Each structure stands twice: as C-alpha cells, then as structure tokens.
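**Q** I'm passing along model-v5.csv; it holds CSV, C-alpha atoms.
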```csv
chain,number,residue,atom,x,y,z
T,11,MET,CA,4.0,6.3,13.6
T,12,LEU,CA,0.5,5.6,14.6
T,13,THR,CA,0.2,3.0,17.4
T,14,SER,CA,-2.7,1.1,18.9
T,15,GLY,CA,-2.6,3.6,21.8
T,16,LYS,CA,-3.5,6.5,19.5
T,17,PRO,CA,-6.9,8.1,20.5
T,18,ALA,CA,-9.9,7.8,18.3
T,19,GLY,CA,-10.1,10.5,15.7
T,20,SER,CA,-6.5,10.1,14.4
T,21,ARG,CA,-6.5,10.7,10.7
T,22,ILE,CA,-4.6,8.8,8.0
T,23,LEU,CA,-4.2,9.9,4.4
T,24,VAL,CA,-3.5,7.3,1.7
T,25,VAL,CA,-2.2,8.7,-1.5
T,26,ARG,CA,-2.6,6.6,-4.6
T,27,LEU,CA,-3.9,8.8,-7.4
T,28,GLY,CA,-4.2,6.2,-10.2
T,29,ALA,CA,-4.3,4.1,-12.3
T,30,MET,CA,-6.8,1.3,-12.1
T,31,GLY,CA,-4.4,-1.6,-11.4
T,32,ASP,CA,-2.3,0.4,-9.1
T,33,ILE,CA,-5.3,1.4,-7.0
T,34,LEU,CA,-6.4,-2.2,-6.8
T,35,HIS,CA,-2.9,-3.3,-5.7
T,36,THR,CA,-3.1,-0.7,-2.8
T,37,LEU,CA,-6.5,-1.9,-1.4
T,38,PRO,CA,-5.0,-4.4,1.0
T,39,ALA,CA,-2.5,-1.9,2.3
T,40,ALA,CA,-5.3,0.6,3.0
T,41,ALA,CA,-7.4,-2.1,4.6
T,42,SER,CA,-4.4,-3.0,6.8
T,43,LEU,CA,-3.9,0.5,8.0
T,44,LYS,CA,-7.6,1.0,8.9
T,45,HIS,CA,-7.9,-2.5,10.5
T,46,SER,CA,-4.9,-1.9,12.7
T,47,HIS,CA,-6.3,1.5,13.9
T,48,PRO,CA,-10.1,1.0,14.0
T,49,GLY,CA,-10.6,4.4,15.8
T,50,SER,CA,-8.9,6.3,13.0
T,51,HIS,CA,-10.4,8.1,10.0
T,52,LEU,CA,-8.8,7.0,6.7
T,53,THR,CA,-9.0,9.3,3.7
T,54,TRP,CA,-7.9,8.2,0.2
T,55,LEU,CA,-6.6,10.8,-2.2
T,56,VAL,CA,-7.3,9.8,-5.8
T,57,GLU,CA,-7.9,11.2,-9.2
T,58,ALA,CA,-11.7,11.6,-9.8
T,59,LYS,CA,-11.9,9.2,-12.7
T,60,TRP,CA,-10.8,6.3,-10.4
T,61,ALA,CA,-12.9,7.3,-7.4
T,62,PRO,CA,-15.7,4.7,-8.3
T,63,LEU,CA,-13.2,1.9,-7.4
T,64,LEU,CA,-13.4,3.0,-3.8
T,65,ALA,CA,-17.2,3.3,-3.5
T,66,GLY,CA,-18.6,1.6,-0.4
T,67,ASN,CA,-15.1,0.4,0.7
T,68,PRO,CA,-15.5,-0.5,4.4
T,69,PHE,CA,-11.9,0.5,5.1
T,70,VAL,CA,-12.1,3.9,3.6
T,71,ASP,CA,-13.9,6.6,5.5
T,72,SER,CA,-13.7,9.3,2.9
T,73,VAL,CA,-12.4,9.9,-0.6
T,74,ALA,CA,-10.7,13.1,-1.6
T,75,THR,CA,-10.1,13.8,-5.3
T,76,LEU,CA,-7.2,15.7,-6.8
T,77,ASP,CA,-8.3,17.8,-9.7
T,78,ARG,CA,-5.3,18.8,-11.9
T,79,ARG,CA,-7.4,19.8,-14.9
T,80,SER,CA,-7.2,23.5,-14.0
T,81,LEU,CA,-5.3,25.7,-11.5
T,82,ALA,CA,-8.7,26.5,-9.8
T,83,GLY,CA,-9.5,22.9,-9.5
T,84,LEU,CA,-6.1,22.1,-8.0
T,85,ARG,CA,-6.4,24.9,-5.5
T,86,ARG,CA,-9.8,23.7,-4.5
T,87,SER,CA,-8.5,20.1,-4.0
T,88,LEU,CA,-5.6,21.3,-1.8
T,89,ARG,CA,-7.8,23.6,0.2
T,90,GLU,CA,-10.1,20.6,1.0
T,91,LEU,CA,-7.1,18.5,2.0
T,92,ARG,CA,-5.8,21.2,4.4
T,93,ALA,CA,-9.2,21.4,6.1
T,94,HIS,CA,-8.1,18.4,8.2
T,95,ARG,CA,-5.2,17.6,10.3
T,96,TYR,CA,-3.5,14.3,9.3
T,97,GLU,CA,-1.2,12.4,11.7
T,98,ILE,CA,0.4,10.5,8.8
T,99,ALA,CA,0.2,10.4,5.0
T,100,VAL,CA,1.4,7.3,3.1
T,101,ASP,CA,2.4,7.8,-0.5
T,102,PHE,CA,2.1,4.5,-2.3
T,103,GLN,CA,2.7,6.0,-5.7
T,104,GLY,CA,6.2,7.3,-5.5
T,105,LEU,CA,5.9,10.2,-8.0
T,106,ILE,CA,6.8,13.8,-7.5
T,107,LYS,CA,3.1,14.8,-8.0
T,108,SER,CA,1.9,12.3,-5.3
T,109,ALA,CA,4.6,13.3,-2.9
T,110,ILE,CA,3.8,17.0,-3.3
T,111,ALA,CA,0.1,16.3,-2.8
T,112,ALA,CA,0.9,14.4,0.4
T,113,THR,CA,3.1,17.3,1.6
T,114,CYS,CA,0.4,19.9,0.8
T,115,ALA,CA,-2.0,18.0,3.2
T,116,ARG,CA,0.5,19.0,6.0
T,117,PRO,CA,0.6,15.7,7.9
T,118,SER,CA,2.9,15.2,10.9
T,119,ARG,CA,4.8,12.5,9.0
T,120,ILE,CA,4.9,11.2,5.4
T,121,TYR,CA,5.8,7.6,4.7
T,122,GLY,CA,7.0,6.4,1.3
T,123,PHE,CA,9.4,4.0,-0.4
T,124,HIS,CA,13.1,4.5,-0.4
T,125,HIS,CA,14.5,6.5,-3.4
T,126,THR,CA,15.8,3.3,-4.9
T,127,GLN,CA,12.3,1.9,-5.1
T,128,VAL,CA,10.3,4.7,-6.6
T,129,ARG,CA,9.8,5.6,-10.2
T,130,GLU,CA,10.8,9.3,-9.6
T,131,ARG,CA,13.7,9.3,-7.1
T,132,ALA,CA,13.1,12.9,-6.2
T,133,ALA,CA,9.8,12.0,-4.6
T,134,ALA,CA,11.6,10.4,-1.7
T,135,PHE,CA,12.9,13.9,-0.8
T,136,PHE,CA,9.5,14.7,0.6
T,137,TYR,CA,9.2,11.6,2.9
T,138,SER,CA,10.0,11.7,6.6
T,139,ASN,CA,10.1,7.9,6.7
T,140,LYS,CA,11.5,5.8,3.8
T,141,THR,CA,10.8,2.1,3.5
T,142,ILE,CA,12.8,-0.5,1.6
T,143,SER,CA,10.7,-3.5,0.7
T,144,ARG,CA,12.2,-7.0,0.0
T,145,ALA,CA,8.8,-8.3,-1.4
T,146,VAL,CA,8.5,-9.1,-5.1
T,147,HIS,CA,4.8,-8.5,-5.9
T,148,VAL,CA,3.5,-4.9,-5.8
T,149,VAL,CA,0.7,-5.8,-3.4
T,150,ASP,CA,3.2,-7.2,-0.9
T,151,ARG,CA,5.5,-4.2,-1.3
T,152,ASN,CA,2.5,-1.9,-0.5
T,153,LEU,CA,1.8,-4.1,2.5
T,154,ASP,CA,5.4,-3.6,3.7
T,155,LEU,CA,5.0,0.2,3.4
T,156,ALA,CA,1.7,0.0,5.3
T,157,ALA,CA,3.5,-2.0,8.1
T,158,SER,CA,6.2,0.6,8.3
T,159,ALA,CA,3.5,3.2,8.8
T,160,GLY,CA,1.9,1.4,11.7
T,161,ALA,CA,-0.2,-1.4,10.2
T,162,THR,CA,0.3,-4.3,12.7
T,163,SER,CA,-2.4,-6.5,11.2
T,164,LEU,CA,-2.1,-7.2,7.5
T,165,VAL,CA,-5.4,-7.7,5.7
T,166,ARG,CA,-5.2,-9.1,2.2
T,167,SER,CA,-8.6,-7.9,1.2
T,168,PHE,CA,-9.8,-6.4,-2.1
T,169,PRO,CA,-13.2,-4.7,-1.4
T,170,MET,CA,-14.9,-4.0,-4.7
T,171,PRO,CA,-18.1,-2.0,-5.5
T,172,ALA,CA,-21.0,-3.7,-7.2
T,173,GLY,CA,-20.8,-1.7,-10.4
T,174,ARG,CA,-23.8,-1.2,-12.6
T,175,PRO,CA,-25.0,-2.7,-15.9
T,176,GLU,CA,-23.9,-0.8,-19.1
T,177,GLY,CA,-24.5,-2.0,-22.6
T,178,MET,CA,-25.6,-5.4,-23.8
T,179,LEU,CA,-24.1,-8.7,-22.7
T,180,PRO,CA,-24.9,-12.2,-23.8
T,181,ALA,CA,-27.7,-14.0,-21.9
T,182,GLY,CA,-25.7,-17.2,-21.4
T,183,ASP,CA,-22.1,-17.9,-20.4
T,184,PHE,CA,-19.5,-15.7,-21.9
T,185,ILE,CA,-15.8,-15.0,-21.6
T,186,LEU,CA,-14.8,-11.3,-21.1
T,187,ALA,CA,-11.7,-9.9,-22.7
T,188,SER,CA,-10.2,-6.4,-22.1
T,189,PRO,CA,-7.6,-6.0,-24.8
T,190,LEU,CA,-6.2,-2.6,-24.1
T,191,ALA,CA,-3.2,-1.9,-21.9
T,192,GLY,CA,-1.2,1.3,-21.0
T,193,TRP,CA,1.6,0.2,-23.4
T,194,ARG,CA,1.0,-1.5,-26.7
T,195,SER,CA,3.8,-3.9,-26.1
T,196,LYS,CA,1.7,-5.6,-23.4
T,197,GLN,CA,-1.2,-6.2,-25.7
T,198,TRP,CA,-2.2,-9.4,-27.5
T,199,PRO,CA,-2.8,-9.3,-31.3
T,200,ALA,CA,-6.4,-8.5,-32.3
T,201,ALA,CA,-6.5,-11.4,-34.8
T,202,SER,CA,-5.8,-13.7,-31.9
T,203,TYR,CA,-9.0,-12.7,-30.2
T,204,ALA,CA,-11.0,-13.5,-33.3
T,205,GLU,CA,-9.4,-17.0,-33.5
T,206,LEU,CA,-10.0,-17.5,-29.8
T,207,ALA,CA,-13.7,-16.5,-30.3
T,208,GLY,CA,-14.1,-19.2,-32.9
T,209,LEU,CA,-12.7,-21.9,-30.7
T,210,LEU,CA,-14.9,-20.8,-27.8
T,211,HIS,CA,-18.0,-20.8,-29.9
T,212,ARG,CA,-17.3,-24.2,-31.6
T,213,GLU,CA,-16.0,-26.1,-28.7
T,214,LEU,CA,-17.8,-24.6,-25.7
T,215,GLY,CA,-20.8,-22.7,-27.1
T,216,MET,CA,-19.6,-19.5,-25.4
T,217,ARG,CA,-19.2,-16.0,-26.8
T,218,LEU,CA,-16.2,-13.9,-26.4
T,219,VAL,CA,-17.1,-10.3,-25.3
T,220,MET,CA,-14.5,-7.6,-25.8
T,221,ASN,CA,-14.9,-4.7,-23.3
T,222,LEU,CA,-13.9,-1.3,-24.6
T,223,PRO,CA,-14.2,2.3,-23.2
T,224,PRO,CA,-16.7,4.5,-25.0
T,225,GLY,CA,-15.3,6.2,-28.1
T,226,VAL,CA,-12.8,3.5,-28.9
T,227,GLU,CA,-13.2,2.2,-32.4
T,228,PRO,CA,-13.5,-1.6,-32.1
T,229,PRO,CA,-11.4,-3.9,-34.4
T,230,LEU,CA,-13.6,-5.8,-36.9
T,231,LEU,CA,-13.3,-9.3,-35.5
T,232,ASP,CA,-15.6,-12.2,-36.5
T,233,GLY,CA,-17.4,-13.8,-33.6
T,234,VAL,CA,-16.3,-11.1,-31.0
T,235,VAL,CA,-19.1,-9.2,-29.2
T,236,PRO,CA,-18.1,-5.6,-28.5
T,237,HIS,CA,-19.2,-4.2,-25.1
T,238,TYR,CA,-18.7,-0.5,-24.3
T,239,SER,CA,-18.8,0.7,-20.8
T,240,GLY,CA,-17.2,3.0,-18.2
T,241,LEU,CA,-15.6,1.8,-15.0
T,242,GLU,CA,-18.8,0.8,-13.3
T,243,GLY,CA,-20.0,-1.2,-16.3
T,244,LEU,CA,-16.6,-3.0,-16.5
T,245,ILE,CA,-17.0,-4.0,-12.8
T,246,ASP,CA,-20.5,-5.4,-13.5
T,247,ALA,CA,-19.4,-7.2,-16.7
T,248,THR,CA,-16.5,-8.8,-14.9
T,249,ARG,CA,-18.8,-10.0,-12.1
T,250,ARG,CA,-21.2,-11.5,-14.7
T,251,ALA,CA,-18.6,-13.2,-16.9
T,252,THR,CA,-18.0,-16.9,-16.7
T,253,ALA,CA,-14.2,-16.3,-17.0
T,254,VAL,CA,-11.8,-13.6,-18.3
T,255,VAL,CA,-8.9,-13.3,-20.7
T,256,GLY,CA,-6.6,-10.4,-19.9
T,257,VAL,CA,-3.2,-8.8,-20.3
T,258,ASP,CA,-1.2,-6.8,-17.8
T,259,SER,CA,-3.7,-4.0,-17.3
T,260,GLY,CA,-6.3,-2.7,-14.8
T,261,PRO,CA,-9.2,-5.0,-15.9
T,262,LEU,CA,-7.1,-8.1,-15.4
T,263,HIS,CA,-6.3,-7.0,-11.8
T,264,MET,CA,-9.9,-6.2,-11.3
T,265,ALA,CA,-10.8,-9.8,-12.2
T,266,ALA,CA,-8.1,-11.0,-9.8
T,267,ALA,CA,-9.6,-8.8,-7.0
T,268,LEU,CA,-13.0,-10.4,-7.7
T,269,SER,CA,-11.4,-13.9,-7.7
T,270,LYS,CA,-12.6,-14.4,-11.2
T,271,PRO,CA,-11.2,-17.5,-13.1
T,272,GLY,CA,-9.4,-17.0,-16.4
T,273,VAL,CA,-6.2,-16.6,-18.2
T,274,ALA,CA,-3.6,-13.8,-18.0
T,275,ILE,CA,-1.3,-13.3,-21.0
T,276,PHE,CA,2.0,-11.8,-20.1
T,277,GLY,CA,5.0,-10.8,-22.1
T,278,PRO,CA,7.5,-8.0,-21.3
T,279,THR,CA,6.4,-7.4,-17.7
T,280,ASP,CA,7.2,-9.8,-14.9
T,281,PRO,CA,4.1,-11.7,-13.6
T,282,ALA,CA,5.9,-12.3,-10.3
T,283,ARG,CA,5.9,-8.6,-9.7
T,284,ASN,CA,2.9,-7.4,-11.7
T,285,GLY,CA,0.8,-10.5,-12.2
T,286,PRO,CA,-2.7,-11.2,-11.0
T,287,TYR,CA,-2.7,-11.5,-7.2
T,288,GLY,CA,-4.1,-14.8,-5.9
T,289,ASP,CA,-4.7,-18.1,-7.6
T,290,SER,CA,-7.9,-17.6,-9.6
T,291,LEU,CA,-6.1,-16.7,-12.9
T,292,ARG,CA,-3.6,-18.9,-14.8
T,293,VAL,CA,-0.7,-17.0,-16.2
T,294,LEU,CA,0.7,-17.7,-19.7
T,295,ARG,CA,4.1,-16.3,-20.6
T,296,SER,CA,6.5,-17.4,-23.4
T,297,PRO,CA,9.8,-18.9,-22.2
T,298,SER,CA,11.5,-16.5,-24.6
T,299,ALA,CA,10.0,-13.4,-22.9
T,300,VAL,CA,12.5,-10.8,-21.8
T,301,THR,CA,11.4,-8.6,-18.9
T,302,SER,CA,11.3,-4.9,-19.8
T,303,TYR,CA,9.3,-1.9,-18.6
T,304,LYS,CA,10.0,0.2,-21.6
T,305,ARG,CA,6.7,1.6,-23.0
T,306,ARG,CA,7.1,0.5,-26.5
T,307,ASP,CA,4.4,1.2,-29.1
T,308,THR,CA,4.5,-2.2,-30.9
T,309,ILE,CA,3.2,-5.5,-29.6
T,310,ASP,CA,6.1,-7.5,-28.0
T,311,GLU,CA,7.2,-10.7,-29.8
T,312,SER,CA,6.6,-12.7,-26.7
T,313,MET,CA,2.9,-11.7,-26.7
T,314,GLN,CA,2.6,-12.6,-30.4
T,315,SER,CA,4.1,-16.0,-29.6
T,316,ILE,CA,1.2,-17.0,-27.3
T,317,SER,CA,-1.3,-18.8,-29.6
T,318,PRO,CA,-5.1,-18.7,-29.4
T,319,SER,CA,-5.1,-22.5,-29.0
T,320,GLU,CA,-2.8,-22.2,-25.9
T,321,VAL,CA,-5.2,-19.6,-24.4
T,322,PHE,CA,-8.2,-21.7,-25.2
T,323,GLU,CA,-6.8,-24.9,-23.6
T,324,ALA,CA,-5.7,-23.0,-20.5
T,325,LEU,CA,-9.3,-21.5,-20.3
T,326,ARG,CA,-10.8,-24.9,-20.7
T,327,ALA,CA,-8.6,-26.3,-17.9
T,328,VAL,CA,-9.5,-23.4,-15.6
T,329,LEU,CA,-13.2,-23.9,-16.2
T,330,ARG,CA,-12.9,-27.7,-15.6
T,331,GLU,CA,-11.2,-27.0,-12.3
T,332,ARG,CA,-13.9,-24.5,-11.2
T,333,ARG,CA,-16.9,-26.6,-12.1
T,334,PRO,CA,-16.1,-30.3,-11.6
T,335,GLU,CA,-19.1,-30.9,-9.4
T,336,ALA,CA,-21.5,-29.7,-12.1
T,337,GLY,CA,-20.6,-32.4,-14.6
T,338,CYS,CA,-19.2,-29.7,-16.8
T,339,THR,CA,-18.5,-30.9,-20.3
T,340,VAL,CA,-15.8,-28.4,-21.1
```
When written as structure tokens, how does the structure in this file appear?

**A**
Amino acid sequence: MLTSGKPAGSRILVVRLGAMGDILHTLPAAASLKHSHPGSHLTWLVEAKWAPLLAGNPFVDSVATLDRRSLAGLRRSLRELRAHRYEIAVDFQGLIKSAIAATCARPSRIYGFHHTQVRERAAAFFYSNKTISRAVHVVDRNLDLAASAGATSLVRSFPMPAGRPEGMLPAGDFILASPLAGWRSKQWPAASYAELAGLLHRELGMRLVMNLPPGVEPPLLDGVVPHYSGLEGLIDATRRATAVVGVDSGPLHMAAALSKPGVAIFGPTDPARNGPYGDSLRVLRSPSAVTSYKRRDTIDESMQSISPSEVFEALRAVLRERRPEAGCTV
C-alpha cells in the first residue's frame, strides 16, 4: 500500500476502461488517490473513445489507452503500459479484461473488489488485495476501494473538461434530454418526450433538445429539437442547458457531475446505487418499480408509468428552487 512516506515518483495505475457513467463515478476515487499522494504520478487506463472525459483532469497525470480493436493495437497498448514501473494498480471495473490489463502492467500490488462484489468473479483471482465495501452508491464503493489502496483523504470531486460546441442549439433557455441507455428497459418512451416538449413550450416557452450520437436515426417527435454530437459536444450542450431530463445512462451522470439541475427518470435500476450523485437532480421512480439489472430489450413498465406531466411538474419545481431570486415565473 502506498503511504504518505512514499518518495516522490511513485506511480499509481487506475483501471476503468469504460463506459461513460462508470468513468464519471470513478473520478472522486482517482482524485482521492492523487490528493493523498501528491508526489505520485497517476495514470488512468481507459478505452480511447472515453479518453476525452479525462482531458485536463488535475488529478490525472497521464492517460493510457487500451486498444482492443486489433492484436497489434493491443500489443502496442500493453508495451506502453510496461514501459513504467507501477507501485500499485487499482481495478475499479471488476471484469476479467480489466484485471488482466492491470496484471499486464506488472505493478507491485493490484487492488480490486472482493469476488462477491465484482461482475465477473474470476477477476478477483488477479488481485493481491481484495476490498469489501459496505457502501450503497457506486461512487462511495469506489471511494472505499481507493481508501483500501492508500487514499487517506477522500475527495468527492468530479473534474470535467470544457467540451466544445457541436451542432445547433436554441439561442434561449432549453432543456436537454439524452434518451438512450445501454439497456432499452431503462429508456423512457419516445412519445413521452414529444408530450413533454409540448408542455415545456406552452407553459415555460422552452424548447426540448434531444441529444443523439451521430448516425442514430431520430424519432419523429413534434416540438423536439434533435442535436447530434460526440462526447465533447455533449459536454458543451450539458453545460449550456438550463436543465436536463435523463434516464440511468452516462449523460445523466455527466449532468450530475456538472451539478446541473433537472429530473432523473428511473425504473428497473436502483437510484440509491446507480442514481445521480449529489442533490442537483430530482429522481422520479414509480412505487411499483422492481429492481432488476437484467438487460431487457423492451421498455420497462415502471418507466412507461412515469407520465410527461409528472416530469414537467418536477422540472418546474427544480427550476423554481434554482432561480427564486430572479423572480422566475415558472
């Protein structure tokens, strides 16, 4: 374990390859490791597509990317990892691929979660130190793992890059929605966004902007403004939005990291464990929702039961709380 007595130059490897929300949930843990050992050099191993999330991070000294698209790319990635001597590696992902990547870096010690707390139990075979966390939320579980790896000062910080403009956005106030999620069961019905757009326009004079990655065919929804962008454009649009509407996916956790106000719609996944971290977003979840992490390909009934009017009223309440001093008429 690293201690405060370690000489300057000690190297820490953080392994969290993806995806967006999971990387954002690991930011405080990485910050805690670096802050506890200011003389160390912290490298984050990540898949290249998510590397922009770490741009300019004051707690990350260097970013290493794992290229698994070809055997040559993988060999090159591992060769670059082995060019340095790491005192410790901390695998926050808990998959066989991440554990093997940490092992290939040849650190003195590898920290990870106990086999009962990782998605792929065999991953824990590679760890020299195994942590059992009693925390509920993923962010706090990651902080527990960082503490076991030597973080004595916990920093709940979410450094985010500035992003850059992509595509057209409304000139005035707008609400940003990111409708996609890794599992369709976590999504909100497309028709509900159209109804919400109508309420926002009639009652508040705001447009509903739907962010989508390039190449995705947008649903034809009256009153909804499509916005196509990559990761950096999403960061910029989130920063510029008046508020957000999200589901359990990376863009929602980005909004939470930026302390953006808005509404989070939850269904099969537990917001206590996977919900937006902090208090800027209001969570809506049906009382009938049953927690499940099965990746079903149909929208969960509990998501369908959240009405556009419920989301609208929650949004209006959030905006009132955020702008009482401005005489806001929402």

**Q** So that I can check the surroundings of T:Ser118, please list as a ChimeraX atom specification every protein, DNA and RNA residue that reaches within 10 Å of it, counting only C-alpha atoms and ignoring chain neighbours fewer than 6 positions away.

**A** /T:11,95-99,138

**Q** Which distance in Å separates atom CA of T:Glu130 and atom CA of T:His147, to one decimal?

**A**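 Atom CA of T:Glu130 sits 19.1 Å away from atom CA of T:His147.
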
**Q** Which one of T:Gly277, T:Gly240, T:Pro189, T:Pro318 sits closest to T:Leu210 if you count all atoms listed in the file?

**A**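 Result for the nearest residue to T:Leu210: T:Pro318.
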
**Q** Applying 7 Å and only C-alpha atoms, which residues near T:Phe123 remain after dropping the ones on its own chain fewer than 3 positions away? List them as a count of residues only.

**A** 8

**Q** Between T:Met30, T:Leu23, T:His94, T:Ser167, single out the one closest to T:Leu262, counting only C-alpha atoms.

**A**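 Between T:Met30, T:Leu23, T:His94, T:Ser167, the residue approaching T:Leu262 most closely is T:Met30.
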
**Q** Go through T:Leu214, T:Leu231, T:Phe276, T:Pro199 one by one, measure the shortest atom-to-atom distance of each to T:Gln314 using all atoms listed in the file, and give the residue with the smallest value.

**A**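 Between T:Leu214, T:Leu231, T:Phe276, T:Pro199, the residue approaching T:Gln314 most closely is T:Pro199.
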
**Q** Taking all atoms listed in the file into account, name the residue in T:Pro271, T:Gly160, T:Gly182, T:Pro62 that is nearest to T:Gly28.

**A** T:Pro62

**Q** Skip T:Ser298 itself and residues of its chain fewer than 5 positions away, then list as a ChimeraX atom specification all residues within 10 Å of it, counting only C-alpha atoms.

**A** /T:277-278,311-312,315

**Q** I want to know what sits within 10 Å of T:Pro175, based on all atoms listed in the file, with residues of the same chain fewer than 2 positions away left out; could you give that as a list in words?

**A**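 Everything that qualifies: Ala172, Gly173, Gly177, Met178, Leu179, Ser239, Gly240, Glu242, Gly243, Leu244, Ile245, Asp246, Ala247 and Arg250 of chain T.
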
**Q** Show me, as a PyMOL selection string, the residues that have an atom within 12 Å of T:Val100 when counting all atoms listed in the file, minus same-chain residues fewer than 5 positions from it.

**A** chain T and resi 11-12+21-27+36+39-40+43+52-55+108-113+115+117-123+134+136-141+152-161

**Q** Okay, now the selection with C-alpha atoms, as a tab-separated table (two decimals), in the coordinates of the input?

**A**
```tsv
chain	number	residue	atom	x	y	z
T	11	MET	CA	4.00	6.30	13.60
T	12	LEU	CA	0.50	5.60	14.60
T	21	ARG	CA	-6.50	10.70	10.70
T	22	ILE	CA	-4.60	8.80	8.00
T	23	LEU	CA	-4.20	9.90	4.40
T	24	VAL	CA	-3.50	7.30	1.70
T	25	VAL	CA	-2.20	8.70	-1.50
T	26	ARG	CA	-2.60	6.60	-4.60
T	27	LEU	CA	-3.90	8.80	-7.40
T	36	THR	CA	-3.10	-0.70	-2.80
T	39	ALA	CA	-2.50	-1.90	2.30
T	40	ALA	CA	-5.30	0.60	3.00
T	43	LEU	CA	-3.90	0.50	8.00
T	52	LEU	CA	-8.80	7.00	6.70
T	53	THR	CA	-9.00	9.30	3.70
T	54	TRP	CA	-7.90	8.20	0.20
T	55	LEU	CA	-6.60	10.80	-2.20
T	108	SER	CA	1.90	12.30	-5.30
T	109	ALA	CA	4.60	13.30	-2.90
T	110	ILE	CA	3.80	17.00	-3.30
T	111	ALA	CA	0.10	16.30	-2.80
T	112	ALA	CA	0.90	14.40	0.40
T	113	THR	CA	3.10	17.30	1.60
T	115	ALA	CA	-2.00	18.00	3.20
T	117	PRO	CA	0.60	15.70	7.90
T	118	SER	CA	2.90	15.20	10.90
T	119	ARG	CA	4.80	12.50	9.00
T	120	ILE	CA	4.90	11.20	5.40
T	121	TYR	CA	5.80	7.60	4.70
T	122	GLY	CA	7.00	6.40	1.30
T	123	PHE	CA	9.40	4.00	-0.40
T	134	ALA	CA	11.60	10.40	-1.70
T	136	PHE	CA	9.50	14.70	0.60
T	137	TYR	CA	9.20	11.60	2.90
T	138	SER	CA	10.00	11.70	6.60
T	139	ASN	CA	10.10	7.90	6.70
T	140	LYS	CA	11.50	5.80	3.80
T	141	THR	CA	10.80	2.10	3.50
T	152	ASN	CA	2.50	-1.90	-0.50
T	153	LEU	CA	1.80	-4.10	2.50
T	154	ASP	CA	5.40	-3.60	3.70
T	155	LEU	CA	5.00	0.20	3.40
T	156	ALA	CA	1.70	0.00	5.30
T	157	ALA	CA	3.50	-2.00	8.10
T	158	SER	CA	6.20	0.60	8.30
T	159	ALA	CA	3.50	3.20	8.80
T	160	GLY	CA	1.90	1.40	11.70
T	161	ALA	CA	-0.20	-1.40	10.20
```

**Q** Pick from T:Ala145, T:Ala282, T:Ala266, T:Met170: nearest to T:Pro68, with only C-alpha atoms counted?

**A**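 The closest residue to T:Pro68 is T:Met170.
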
**Q** So which one's closest to T:Phe102, T:Leu222, T:Ala253, T:Leu37, T:Ala299? Using only C-alpha atoms, please.

**A** T:Leu37

**Q** Report, in Å to a single decimal, how far apart atom CA of T:Ser87 and atom CA of T:Leu105 are.

**A**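 Going from atom CA of T:Leu105 over to atom CA of T:Ser87 covers 17.9 Å.
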
**Q** Please compute the atom CA of T:Ala187-atom CA of T:Met220 distance, one decimal, in Å.

**A**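 Atom CA of T:Met220 lies 4.8 Å from atom CA of T:Ala187.
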
**Q** Dig up all the protein and nucleic acid residues within 8 Å of (-9.5, -14.7, -22.4) in the file frame, using only C-alpha atoms, and format them as JSON, numbers by chain.

**A** {"T": [185, 186, 187, 206, 218, 253, 254, 255, 256, 272, 273, 274, 321, 322, 325]}

**Q** Kindly add N, CA and C atoms to the incomplete stretch 149-166 of chain T and provide the output as a compact mmCIF listing (two decimals), in the coordinates of the input.

**A**
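Wrote it out as out-v5.txt, contents follow:
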```
# COMPACT_ATOMS: atom_id res chain seq x y z
N VAL T 149 1.60 -5.79 -4.56
CA VAL T 149 0.70 -5.80 -3.40
C VAL T 149 1.45 -6.02 -2.12
N ASP T 150 2.41 -6.94 -2.12
CA ASP T 150 3.20 -7.20 -0.90
C ASP T 150 4.13 -6.06 -0.58
N ARG T 151 4.64 -5.38 -1.60
CA ARG T 151 5.50 -4.20 -1.30
C ARG T 151 4.63 -3.11 -0.67
N ASN T 152 3.41 -2.92 -1.14
CA ASN T 152 2.50 -1.90 -0.50
C ASN T 152 2.20 -2.31 0.92
N LEU T 153 2.03 -3.60 1.18
CA LEU T 153 1.80 -4.10 2.50
C LEU T 153 2.98 -3.77 3.44
N ASP T 154 4.18 -3.91 2.90
CA ASP T 154 5.40 -3.60 3.70
C ASP T 154 5.40 -2.09 4.04
N LEU T 155 5.00 -1.24 3.09
CA LEU T 155 5.00 0.20 3.40
C LEU T 155 3.90 0.49 4.43
N ALA T 156 2.75 -0.16 4.34
CA ALA T 156 1.70 0.00 5.30
C ALA T 156 2.20 -0.41 6.72
N ALA T 157 2.95 -1.51 6.77
CA ALA T 157 3.50 -2.00 8.10
C ALA T 157 4.44 -0.97 8.66
N SER T 158 5.26 -0.36 7.82
CA SER T 158 6.20 0.60 8.30
C SER T 158 5.47 1.88 8.84
N ALA T 159 4.26 2.10 8.33
CA ALA T 159 3.50 3.20 8.80
C ALA T 159 2.55 2.92 9.94
N GLY T 160 2.67 1.71 10.47
CA GLY T 160 1.90 1.40 11.70
C GLY T 160 0.90 0.29 11.55
N ALA T 161 0.78 -0.35 10.40
CA ALA T 161 -0.20 -1.40 10.20
C ALA T 161 0.37 -2.70 10.88
N THR T 162 -0.20 -3.10 12.00
CA THR T 162 0.30 -4.30 12.70
C THR T 162 -0.47 -5.54 12.33
N SER T 163 -1.61 -5.39 11.67
CA SER T 163 -2.40 -6.50 11.20
C SER T 163 -2.64 -6.40 9.74
N LEU T 164 -2.00 -7.28 8.97
CA LEU T 164 -2.10 -7.20 7.50
C LEU T 164 -3.35 -7.90 7.00
N VAL T 165 -4.11 -7.18 6.20
CA VAL T 165 -5.40 -7.70 5.70
C VAL T 165 -5.29 -7.74 4.17
N ARG T 166 -5.26 -8.95 3.63
CA ARG T 166 -5.20 -9.10 2.20
C ARG T 166 -6.61 -9.14 1.60
```
